[in-house]
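Undergrad: Here it is: the structure, laid out below.
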Amino acid sequence: MKKISLLLLSLVFVATSSFAQQKRKTQQGHTNQNKFKQLDYATPNSQRTASGAPGIKYTQQKVDYVMDIVLDDDNQKITGNETITYHNNSTDNLSYLWLQLDQNMRAADSKSPDIQPNRMPRRMSKDRYNKRYNDKPFDGGFNITNVSNTDGSKLSYTINQTMMRINLPKPLAAGETFKFKVAWWYNINNHKTQGGRSGFEHFPKDGNNSYKIAQFFPRLCVYDNVEGWQNDQFWGRSEFALEFGDYTVSITTPADHMLGATGVLKNEKEVLTKKQLKNLALARKTFDKPVLIHSQKDAEKAEKKRSKKTKTWKFFAENVRDYAFATSRKFIWDGMAVKLDSKTVMAYSYYSKEANPLYGDHSTKATAVTLKAYSRQTFDYPYHKAISVDGQMGMEYPQIAFNPGRPNADGTYSDRTKYRMINVTIHEVGHNWFPMIVNSDERKWTWMDEGLNSFAQMQAMMDYEEGYPLGRGLPKNIVRYMNGDQSRIAPIMSKGDNTYSFGNNAYGKPATALWILRNTIMGPELFDHAFKEYANRWKFKHPTPADFFRTMEDASAMDLDWFWRGWFYTTDVTDIGIKKVKKFYTKNGDNDRVEFVEDTTAGAKFGTGKKANSKFFYEITFDKPGGLVMPIIVEFTYKDGTKSRKQYPAQIWRLNDKQITKAINSDKEITNITIDPDLETADVDVTNNSWPKKQENKFGKFKNKVKG
Amino acid sequence: MRIKKQLLLLFIVPFFAFTAHKYYLSLTQIEFNSSKSSIEVITNVFIDDIETALNDIHSKKFELDTKKELKDSDTYFNEYLQKNLAFKIDGKSVTFNYLGKEYDGDVVFFYLEIKDVQSISTIEVENSLLIKHFPAQQNLVKSKVNKKHKSTLLTKSNQTGTLTY
């Protein structure tokens, strides 16, 4: 035994010393770093399948609300009480429930400002100075006045910033229902001076306010088998994750207000005048243009008065994930009917005269175009209406969106104002699909609704008018961001609160990625089917990123893991170039063989060695300074001026991520080779995209143009 | 009054986060063209940001990239750039010529040229573009000199950077 080990030892010694002499080390292995390696998602189960669809045991909580809301216009205050019915459809027993108190983000002791680094300002308006340093801080948080069982007995609860835990007297068993009451009030923020996704705007000229009220009631967090309770704090940026349910809502406003809200208005005859009802009936039959239901003249009359009376608007909204409304004496109201494949729905707008004629011209029209374009891309709009409100922000809620844009005082508006207003209106109304119906978790994965929505929005914009200026979403427009300072870029798969340049991270880049996926990688036919499949599988449900990625592959027979990894999980950029091109011609060799001879003549031209009966052969070496793997789109320009295209799939990079070589043959002489001629791939450096290399750079081209 | 309004808006930016989700970035690309002994500079900024700045400074409506655009907008662009961009080559201040502009989508490109430069070992860039109007403005400077790539990110608190080759 000893002998053997001694022998082994000496063998090892001899071996190592001989390696040392050759200056070699034992090779180290490595893990699979290939960019085409399969992604590891959570293990599929009977709730979420490997195909990306909801499984046979998929469950989802349901929460119904009955609410009485009173708006105090004199003091800009909301008072409410609600009865919540919580249906525990999960297979778990719950010992507590979590509710969201979003307005606490605006409480005097909110921690949201504390996590914003700030510097000493250089100057500030006196008004602002007083607000900041002299006045008592605005307290816009919830004042919870009651949390009780339906019999009035108190329920124990705990508030942690924007989250409230209801401590259940006994655990709520799987399949059971719990009913309880909450009462509250809060001061409404002025969203023009204090910011926010809801609030009021004050009009000093006539003394009126217009209210955009949302996140105004304590509402349930999502409970599921992915996050447990989704009770991440609301810091102000990453929006919401919400359960579906039925809402029975009464809203009491001054009697001379005009109000728009989520849900079907159940007491039209009580709250609308005969004239309004008549106009509304006409609007419901008018498909070509908006009909004024409550005109500017009517609104101007209303805004001069102050009714001391109130009226109560009664709504029922079935299967929605949230609730919002807008109300003002100033509101003009118009609407039109929109024909979808399977049904007719309504597009409405509510706006102050200050927003006219911009809103009268475009708001309802943009809403109607959105309803059609999104229905075509996904499924017919399941609700009965969609509203666009002159909210002077950009924020979406079920069936109602608050949008920006005002004309100049003289009623004129620039193209930029017009398109920005239409862009945002389409975007916010489009959110009715993502995430209001295809109900992803925006607190965690902002891109899932913002990115998909910013992509789907482009179709509606193209529908709006011919030559509509698309901006965000086009590959060439993301280059500036993706080629920016890497220390300020986060992968798309980051929580919204923790990203730099949020708009590009959660909106622009994922929209561009989907645009490229549709137009360059999958093709519209495969993409559209898969995208539609995803929307239909997850409508009125809670999808995760993996459900989207899996469905897109499952429905198209395309392995896209490389694409998701590169575009969604990294900050890599596209940069593909032509490193070198060798030219060859053929001549007859010995033994009935054909020999390929390299032609070393400079430039694209062939020398005299090539005989007329030889084809043209080229060996092209493509290199890839960028980290993203992408298809290589090559355009060949021939001597006779004609062109042809060849697209090599991204998989060409699977065995060498740095450079690859292709041999091609041609009947005609090639004078020029260009990669990505239509700027489809967001290539950050196009100076290496041509052969022969272009002598003139962007600067030189411009200089020549100016001289010319 | 107009300035007040804007300052007010700026304070609430951190709490706003809707669809516009603006980010404030300019990109200045510097390339040394040794055969022409000149430094070629292309600076791009968002059209609406530069328009906000110019409207505010001059109390005019520039209506950039529309039919109503002021005829002499180039004069104002040049003046603004001369005030907010400065270059030193190897420690010596140099001047640049404004060749013109080009609109592309929501961005405007400015073409600037520094003439009679024989060699470069350092470029100092002072860049305060839009910082007065948008405190969150970031001004990225990228350069290519003698095949070497160098870049710097300038912000409100750090408006000058030196690129060494």
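So you can find residues: chains in the structure tokens are A, B, ... in the order shown, residues in each start at 1, and ligands are numbered from 1 in order.
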Give me, as a list in words, the contact residues of chain A against chain B at a cut-off of 7 Å, counting only C-alpha atoms.

TA: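 The answer, sorted by residue number, is Met124, Ser125, Gln194, Gly195, Gly196, Gly236, Arg237, Gly394, Met395, Val424, Gly471, Ser501, Phe502, Gly503 and Phe699 of chain A.
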
Undergrad: Write out, as a PDB file, in the first residue's frame, the residues just selected, with N, CA and C atoms.

TA:
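Written output follows (part.pdb):
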ATOM      1  N   MET A 124     -35.139  80.190  -5.562  1.00  0.00           N
ATOM      2  CA  MET A 124     -36.439  79.560  -5.404  1.00  0.00           C
ATOM      3  C   MET A 124     -37.469  80.678  -5.329  1.00  0.00           C
ATOM      4  N   SER A 125     -38.656  80.438  -5.821  1.00  0.00           N
ATOM      5  CA  SER A 125     -39.684  81.473  -5.709  1.00  0.00           C
ATOM      6  C   SER A 125     -40.056  81.624  -4.237  1.00  0.00           C
ATOM      7  N   GLN A 194     -47.986  70.255  -6.522  1.00  0.00           N
ATOM      8  CA  GLN A 194     -47.369  69.254  -5.650  1.00  0.00           C
ATOM      9  C   GLN A 194     -47.072  67.939  -6.361  1.00  0.00           C
ATOM     10  N   GLY A 195     -47.526  67.824  -7.581  1.00  0.00           N
ATOM     11  CA  GLY A 195     -47.291  66.587  -8.319  1.00  0.00           C
ATOM     12  C   GLY A 195     -48.253  65.498  -7.900  1.00  0.00           C
ATOM     13  N   GLY A 196     -48.180  64.390  -8.609  1.00  0.00           N
ATOM     14  CA  GLY A 196     -49.027  63.264  -8.245  1.00  0.00           C
ATOM     15  C   GLY A 196     -49.724  62.654  -9.435  1.00  0.00           C
ATOM     16  N   GLY A 236     -43.821  56.136  -4.869  1.00  0.00           N
ATOM     17  CA  GLY A 236     -44.265  57.212  -5.749  1.00  0.00           C
ATOM     18  C   GLY A 236     -44.039  56.903  -7.206  1.00  0.00           C
ATOM     19  N   ARG A 237     -43.136  55.980  -7.529  1.00  0.00           N
ATOM     20  CA  ARG A 237     -42.879  55.721  -8.930  1.00  0.00           C
ATOM     21  C   ARG A 237     -43.472  54.399  -9.397  1.00  0.00           C
ATOM     22  N   GLY A 394     -50.263  62.264 -16.945  1.00  0.00           N
ATOM     23  CA  GLY A 394     -50.452  61.133 -17.847  1.00  0.00           C
ATOM     24  C   GLY A 394     -50.595  59.934 -16.950  1.00  0.00           C
ATOM     25  N   MET A 395     -51.820  59.530 -16.712  1.00  0.00           N
ATOM     26  CA  MET A 395     -51.998  58.426 -15.771  1.00  0.00           C
ATOM     27  C   MET A 395     -53.263  57.678 -16.118  1.00  0.00           C
ATOM     28  N   VAL A 424     -49.747  60.659 -25.616  1.00  0.00           N
ATOM     29  CA  VAL A 424     -50.033  60.294 -24.229  1.00  0.00           C
ATOM     30  C   VAL A 424     -51.454  59.742 -24.109  1.00  0.00           C
ATOM     31  N   GLY A 471     -41.894  58.147 -32.447  1.00  0.00           N
ATOM     32  CA  GLY A 471     -40.629  58.504 -31.795  1.00  0.00           C
ATOM     33  C   GLY A 471     -40.104  57.323 -31.025  1.00  0.00           C
ATOM     34  N   SER A 501     -32.896  56.683 -15.693  1.00  0.00           N
ATOM     35  CA  SER A 501     -33.722  57.086 -16.844  1.00  0.00           C
ATOM     36  C   SER A 501     -34.847  56.068 -17.113  1.00  0.00           C
ATOM     37  N   PHE A 502     -35.797  56.177 -16.203  1.00  0.00           N
ATOM     38  CA  PHE A 502     -36.965  55.295 -16.137  1.00  0.00           C
ATOM     39  C   PHE A 502     -37.674  55.143 -17.488  1.00  0.00           C
ATOM     40  N   GLY A 503     -37.843  56.273 -18.182  1.00  0.00           N
ATOM     41  CA  GLY A 503     -38.591  56.256 -19.433  1.00  0.00           C
ATOM     42  C   GLY A 503     -37.952  55.364 -20.478  1.00  0.00           C
ATOM     43  N   PHE A 699     -20.190  63.938 -39.977  1.00  0.00           N
ATOM     44  CA  PHE A 699     -19.802  65.337 -39.968  1.00  0.00           C
ATOM     45  C   PHE A 699     -19.471  65.819 -41.389  1.00  0.00           C
TER      46      PHE A 699
END

Undergrad: Please provide the set of residues having any atom within 7 Å of range 263-280 of chain A, restricted to only C-alpha atoms, with same-chain residues fewer than 5 positions apart removed, written as a list of chain:residue names.

TA: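 With the cut-off at 7 Å, the set is A:Leu292, A:Ile293, A:His294, A:Lys311, A:Trp313, A:Lys314, A:Phe315, A:Phe316, A:Ala317.
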
Undergrad: Give me a file of those residues, with N, CA and C atoms, as an mmCIF file, in the first residue's frame.

TA:
data_model
loop_
_atom_site.group_PDB
_atom_site.id
_atom_site.type_symbol
_atom_site.label_atom_id
_atom_site.label_comp_id
_atom_site.auth_asym_id
_atom_site.auth_seq_id
_atom_site.Cartn_x
_atom_site.Cartn_y
_atom_site.Cartn_z
ATOM 1 N N LEU A 292 -71.018 66.470 -28.967
ATOM 2 C CA LEU A 292 -70.968 67.198 -27.696
ATOM 3 C C LEU A 292 -72.183 66.832 -26.854
ATOM 4 N N ILE A 293 -71.935 66.313 -25.679
ATOM 5 C CA ILE A 293 -73.029 65.938 -24.790
ATOM 6 C C ILE A 293 -73.294 67.090 -23.819
ATOM 7 N N HIS A 294 -72.193 67.719 -23.397
ATOM 8 C CA HIS A 294 -72.284 68.899 -22.532
ATOM 9 C C HIS A 294 -71.288 69.890 -23.126
ATOM 10 N N LYS A 311 -75.285 66.285 -5.671
ATOM 11 C CA LYS A 311 -75.954 65.154 -6.300
ATOM 12 C C LYS A 311 -75.064 63.928 -6.196
ATOM 13 N N TRP A 313 -73.791 60.371 -7.851
ATOM 14 C CA TRP A 313 -73.629 59.573 -9.070
ATOM 15 C C TRP A 313 -73.444 58.119 -8.649
ATOM 16 N N LYS A 314 -74.228 57.239 -9.249
ATOM 17 C CA LYS A 314 -74.149 55.828 -8.837
ATOM 18 C C LYS A 314 -73.615 54.957 -9.973
ATOM 19 N N PHE A 315 -72.560 54.224 -9.669
ATOM 20 C CA PHE A 315 -71.906 53.398 -10.697
ATOM 21 C C PHE A 315 -71.803 51.944 -10.269
ATOM 22 N N PHE A 316 -71.794 51.078 -11.279
ATOM 23 C CA PHE A 316 -71.430 49.682 -11.028
ATOM 24 C C PHE A 316 -70.375 49.287 -12.057
ATOM 25 N N ALA A 317 -69.248 48.808 -11.567
ATOM 26 C CA ALA A 317 -68.171 48.372 -12.467
ATOM 27 C C ALA A 317 -67.880 46.911 -12.188
#

Undergrad: Rounded to one decimal place, report the CA of Asp485 in chain A-CA of Val684 in chain A distance in Å.

TA: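 Computing it gives 12.8 Å between the two atoms.
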
Undergrad: Just give me the gap between CA of Gly140 in chain A and CA of Ser198 in chain A in Å, one decimal is fine.

TA: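 So the answer is 11.6 Å.
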
Undergrad: Write out as a PyMOL selection string all residues of range 84-131 of chain B that DSSP puts in strand (DSSP E) for this structure's backbone.

TA: chain B and resi 85-89+92-94+97-104+107-114+122-127

Undergrad: Write out as a CSV table (one decimal) with C-alpha atoms, in the first residue's frame which residues come within 9 Å of Ala663 in chain A when counting only C-alpha atoms, dropping same-chain ones fewer than 6 positions away.

TA:
chain,number,residue,atom,x,y,z
A,617,PHE,CA,-16.7,34.9,-54.8
A,618,TYR,CA,-16.4,36.7,-51.5
A,619,GLU,CA,-15.3,35.8,-48.0
A,620,ILE,CA,-16.8,38.3,-45.5
A,621,THR,CA,-15.6,38.5,-41.9

Undergrad: I want to know what sits within 12 Å of Glu51 in chain B, based on only C-alpha atoms, with residues of the same chain fewer than 3 positions away left out; could you give that as a ChimeraX atom specification?

TA: /A:416 /B:45-48,54-66,69-70,73,76-77,80,106-108,130,133

Undergrad: Enumerate as a VMD selection string all residues of range 44-226 of chain A assigned to alpha helix (DSSP H) by DSSP on the backbone, naming them with the chain letters and numbers the document uses.

TA: chain A and resid 126 to 129 191 to 194

Undergrad: Take the residues just selected and output them with C-alpha atoms as a PDB file, in the first residue's frame.

TA:
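Saved result, part-v7.pdb, follows:
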ATOM      1  CA  LYS A 126     -40.876  83.086  -2.466  1.00  0.00           C
ATOM      2  CA  ASP A 127     -44.057  81.115  -2.722  1.00  0.00           C
ATOM      3  CA  ARG A 128     -42.115  77.901  -2.957  1.00  0.00           C
ATOM      4  CA  TYR A 129     -39.748  78.977  -0.187  1.00  0.00           C
ATOM      5  CA  HIS A 191     -51.262  67.997  -8.639  1.00  0.00           C
ATOM      6  CA  LYS A 192     -50.127  71.086 -10.555  1.00  0.00           C
ATOM      7  CA  THR A 193     -47.992  72.384  -7.691  1.00  0.00           C
ATOM      8  CA  GLN A 194     -47.369  69.254  -5.650  1.00  0.00           C
TER       9      GLN A 194
END
